[in-house]
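So the structure is just underneath, and the comments pick up after that.
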Amino acid sequence: MKDCYQILGVGPSASAAEIKRAYRRKAKELHPDVRQRSGAGDEAASGMRELIDAYETLSNPERRAEFDALYAKFRKFAEGTDAESKFDYRMWLMAREDAESRAKLIFFDLLHGLEEEAVQEYRIRMEDGGGFDLARYFDREDYMDCAFILAEELSFRDDWYGAFGLLSRVIGLEREKPYFRHFFPEVIAFARDIARNRLVGNVSDELALDALETALELQLGKKDDAAILRLMAICYERIGDAYTARSCLSEALRLDPKLTGVKDLKKKLGL
């Protein structure tokens with residue numbers, strides 16, 4: 001069992017503010033830029049995972065109280081009363097059915113090489129009709145990290161609609177207040193690629209239109225908006241809404257008169 005207090009460098013009597021300051025300080029030490037300069041990539045990455053786990057445990061009053069009780073018991077076991085007993089945080093989360101614990105389980109699995117389990121858990125929660133929302137159970141930065149990693153995993157499994165939904169929320173939060181900073185162009189490129197190349201033809205036209213409308217709200221740029229509107233025109237034409245399809249294509253051509261891939265669509269729509 002990991003000593004969360006030792007990992008964060010605080011004592012058992014540390015206040016919530018002291019715990020948060022300690023986490024931020026150590027997180028900066030383990031930042032990717034620092035890892036690259038020090039040459040300690042793998043070791044620092046492992047340390048970052050431990051740090052996140054420790055902070056999540058101690059920053060939540062209920063979980064901290066449970067940890068304190070369990071850790072005291074574990075120390076007693078380690079001293080010889082029951083040396084074989086150990087506290088397994090993941091098993092503890094799995095035994096709980098509340099939405100917060102399941103959200104924490106998803107993030108934990110994403111950071112501990114259990115990506116398939118994380119994706120399966122996420123899909124179960126999203127399909128149960130209970131309005132499951134990861135953002136409800138994490139602070140802003142942890143949610144953004146979790147959402148981006150999960151979006152990557154969903155994309156690896158061709159769940160383009162789910163991946164784009166997470167990315168669009170991350171982009172909105174980043175624009176409110178920067179967090180990813182120098183990494184943000186990669187987030188934008190990821191979302192742009194899904195919007196322009198992965199949705200239409202891989203998901204239903206209705207779902208594609210939902211995601212493409214969100215893509216327009218991201219204001220990726222005139223040429224991107226034109227390409228997205230062309231895709232929307234394709235979807236609307238296929239579902240039989242020629243009027244809206246013509247409107248989308250006309251706006252696309254207004255934004256980018258040199259837009260390619262429109263010859264057959266114009267003919268179908270009588271433009």
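Each chain in the structure tokens gets a letter, A, B, ..., in the order shown, and its residues are numbered from 1; ligands are numbered from 1 in order too.
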Practice task
Identify, on the basis of only C-alpha atoms, every residue whose closest approach to A:Ser250 does not exceed 9 Å; exclude the query and any residue fewer than 3 positions from it along the same chain; express the result as a list in words.
Solution key: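 Answer for this query is Leu229, Arg230, Ala245, Arg246, Ser247, Leu253, Arg254, Leu255 and Leu271 of chain A.
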Write a file of the just-selected residues containing C-alpha atoms, as a compact mmCIF listing (two decimals), in the first residue's frame.
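And here's selection_17.txt as it stands now:
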```txt
# COMPACT_ATOMS: atom_id res chain seq x y z
CA LEU A 229 -20.51 22.51 -43.92
CA ARG A 230 -19.88 20.44 -47.06
CA ALA A 245 -28.35 20.63 -47.62
CA ARG A 246 -28.42 23.46 -50.20
CA SER A 247 -28.12 26.06 -47.44
CA LEU A 253 -18.86 27.88 -50.95
CA ARG A 254 -19.24 31.41 -49.64
CA LEU A 255 -16.56 30.72 -47.03
CA LEU A 271 -26.90 24.34 -57.55
```
Handout entry: DSSP helix (DSSP H, G or I) selection over stretch 47-160 of chain A, as a PyMOL selection string
Key = chain A and resi 47-58+61-81+89-94+99-110+115-127+134-137+140-156+160
Keeping only C-alpha atoms, write the selected residues as a tab-separated table (two decimals), in the first residue's frame.
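Once everything was written out, this is part33.tsv:
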```tsv
chain	number	residue	atom	x	y	z
A	47	GLY	CA	5.92	9.11	-10.14
A	48	MET	CA	3.22	11.27	-11.72
A	49	ARG	CA	0.74	8.41	-11.64
A	50	GLU	CA	1.49	7.81	-7.98
A	51	LEU	CA	1.14	11.52	-7.27
A	52	ILE	CA	-2.26	11.73	-8.94
A	53	ASP	CA	-3.52	8.71	-7.02
A	54	ALA	CA	-2.31	10.14	-3.72
A	55	TYR	CA	-3.84	13.56	-4.38
A	56	GLU	CA	-7.19	12.12	-5.42
A	57	THR	CA	-7.30	10.15	-2.19
A	58	LEU	CA	-6.30	12.93	0.21
A	61	PRO	CA	-12.55	14.27	2.82
A	62	GLU	CA	-14.53	11.02	2.76
A	63	ARG	CA	-11.85	9.07	0.95
A	64	ARG	CA	-9.14	10.58	3.13
A	65	ALA	CA	-10.93	9.41	6.26
A	66	GLU	CA	-11.29	5.93	4.76
A	67	PHE	CA	-7.64	5.93	3.74
A	68	ASP	CA	-6.51	6.98	7.22
A	69	ALA	CA	-8.49	4.14	8.78
A	70	LEU	CA	-7.34	1.58	6.24
A	71	TYR	CA	-3.74	2.73	6.34
A	72	ALA	CA	-3.66	2.49	10.11
A	73	LYS	CA	-4.96	-1.05	9.77
A	74	PHE	CA	-2.43	-1.83	7.06
A	75	ARG	CA	0.45	-0.59	9.20
A	76	LYS	CA	-0.70	-2.91	11.93
A	77	PHE	CA	-0.77	-5.78	9.47
A	78	ALA	CA	2.67	-4.88	8.13
A	79	GLU	CA	4.06	-5.02	11.63
A	80	GLY	CA	3.12	-8.67	11.81
A	81	THR	CA	-0.52	-9.05	12.81
A	89	TYR	CA	-7.43	0.91	-4.14
A	90	ARG	CA	-8.74	-0.40	-7.45
A	91	MET	CA	-10.59	-3.28	-5.81
A	92	TRP	CA	-12.02	-0.79	-3.32
A	93	LEU	CA	-13.34	1.33	-6.18
A	94	MET	CA	-14.73	-1.68	-8.03
A	99	ALA	CA	-21.09	7.23	-9.88
A	100	GLU	CA	-18.12	9.06	-8.34
A	101	SER	CA	-16.28	5.84	-7.54
A	102	ARG	CA	-16.90	4.52	-11.04
A	103	ALA	CA	-15.58	7.78	-12.52
A	104	LYS	CA	-12.46	7.49	-10.35
A	105	LEU	CA	-12.10	3.89	-11.51
A	106	ILE	CA	-12.12	4.99	-15.15
A	107	PHE	CA	-9.37	7.55	-14.54
A	108	PHE	CA	-7.36	5.11	-12.42
A	109	ASP	CA	-7.49	2.43	-15.11
A	110	LEU	CA	-6.52	4.89	-17.84
A	115	GLU	CA	-7.33	1.14	-20.96
A	116	GLU	CA	-9.75	-1.53	-22.20
A	117	GLU	CA	-11.32	-1.80	-18.75
A	118	ALA	CA	-11.60	2.00	-18.58
A	119	VAL	CA	-13.35	2.21	-21.95
A	120	GLN	CA	-15.75	-0.59	-21.08
A	121	GLU	CA	-16.64	1.04	-17.77
A	122	TYR	CA	-17.14	4.41	-19.46
A	123	ARG	CA	-19.45	2.92	-22.09
A	124	ILE	CA	-21.51	1.11	-19.47
A	125	ARG	CA	-21.98	4.33	-17.50
A	126	MET	CA	-22.86	6.35	-20.59
A	127	GLU	CA	-25.46	3.80	-21.71
A	134	LEU	CA	-17.06	12.60	-15.75
A	135	ALA	CA	-16.69	16.36	-15.29
A	136	ARG	CA	-18.90	16.18	-12.20
A	137	TYR	CA	-16.35	14.16	-10.23
A	140	ARG	CA	-11.07	21.06	-14.03
A	141	GLU	CA	-7.50	19.95	-14.78
A	142	ASP	CA	-8.03	16.30	-13.85
A	143	TYR	CA	-11.16	16.18	-15.97
A	144	MET	CA	-9.33	17.62	-18.96
A	145	ASP	CA	-6.54	15.06	-18.61
A	146	CYS	CA	-9.01	12.22	-18.19
A	147	ALA	CA	-11.20	13.34	-21.09
A	148	PHE	CA	-8.28	13.71	-23.48
A	149	ILE	CA	-6.78	10.30	-22.65
A	150	LEU	CA	-10.20	8.70	-22.90
A	151	ALA	CA	-10.82	10.41	-26.26
A	152	GLU	CA	-7.60	8.86	-27.55
A	153	GLU	CA	-8.67	5.42	-26.39
A	154	LEU	CA	-12.12	5.79	-27.95
A	155	SER	CA	-10.53	6.85	-31.24
A	156	PHE	CA	-8.31	3.74	-31.18
A	160	TRP	CA	-15.29	8.80	-33.36
```
Exercise for the section: Can you work out the spacing between atom CA of A:Gly172 and atom CA of A:Glu217 in Å, to one decimal? Expected result: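 Spanning atom CA of A:Gly172 to atom CA of A:Glu217 is a straight-line distance of 9.7 Å.
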Exercise for the section: Work out how far atom CA of A:Ala226 is from atom CA of A:His182, in Å to one decimal. Expected result: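 Rounded to one decimal, the two atoms are 26.6 Å apart.
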Handout entry: Using only C-alpha atoms: which of A:Leu30, A:Ala189, A:Ala233, A:Val200 has the shortest distance to A:Ile171
Key =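 Among A:Leu30, A:Ala189, A:Ala233, A:Val200, it is A:Ala189 that comes nearest to A:Ile171.
Restricting the calculation to only C-alpha atoms, the smallest distance between A:Tyr23 and any of A:Leu8, A:Leu212, A:Ile228, A:Leu199 is found for A:Leu8.
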Completion exercise
note - atom CA of A:Pro257 and atom CA of A:Phe190 are separated by 25.5 Å
Problem - Who sits within 9 Å of A:Ser168, only C-alpha atoms, same chain under 6 positions skipped, as a list of chain:residue names - result: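 My list of contacting residues is A:Ala191, A:Thr214, A:Ala215, A:Leu218.
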Based on the selection just made, write N, CA and C atoms of those residues as a PDB file, in the first residue's frame.
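What landed in again_11.pdb:
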```pdb
ATOM      1  N   ALA A 191      -9.091  17.012 -32.916  1.00  0.00           N
ATOM      2  CA  ALA A 191     -10.515  17.284 -33.125  1.00  0.00           C
ATOM      3  C   ALA A 191     -10.805  17.586 -34.595  1.00  0.00           C
ATOM      4  N   THR A 214     -21.457  20.879 -33.569  1.00  0.00           N
ATOM      5  CA  THR A 214     -20.568  21.263 -32.470  1.00  0.00           C
ATOM      6  C   THR A 214     -19.224  21.729 -33.012  1.00  0.00           C
ATOM      7  N   ALA A 215     -18.741  21.069 -34.060  1.00  0.00           N
ATOM      8  CA  ALA A 215     -17.457  21.445 -34.663  1.00  0.00           C
ATOM      9  C   ALA A 215     -17.502  22.884 -35.182  1.00  0.00           C
ATOM     10  N   LEU A 218     -16.798  25.418 -32.560  1.00  0.00           N
ATOM     11  CA  LEU A 218     -15.407  25.510 -32.117  1.00  0.00           C
ATOM     12  C   LEU A 218     -14.624  26.564 -32.891  1.00  0.00           C
TER      13      LEU A 218
END
```
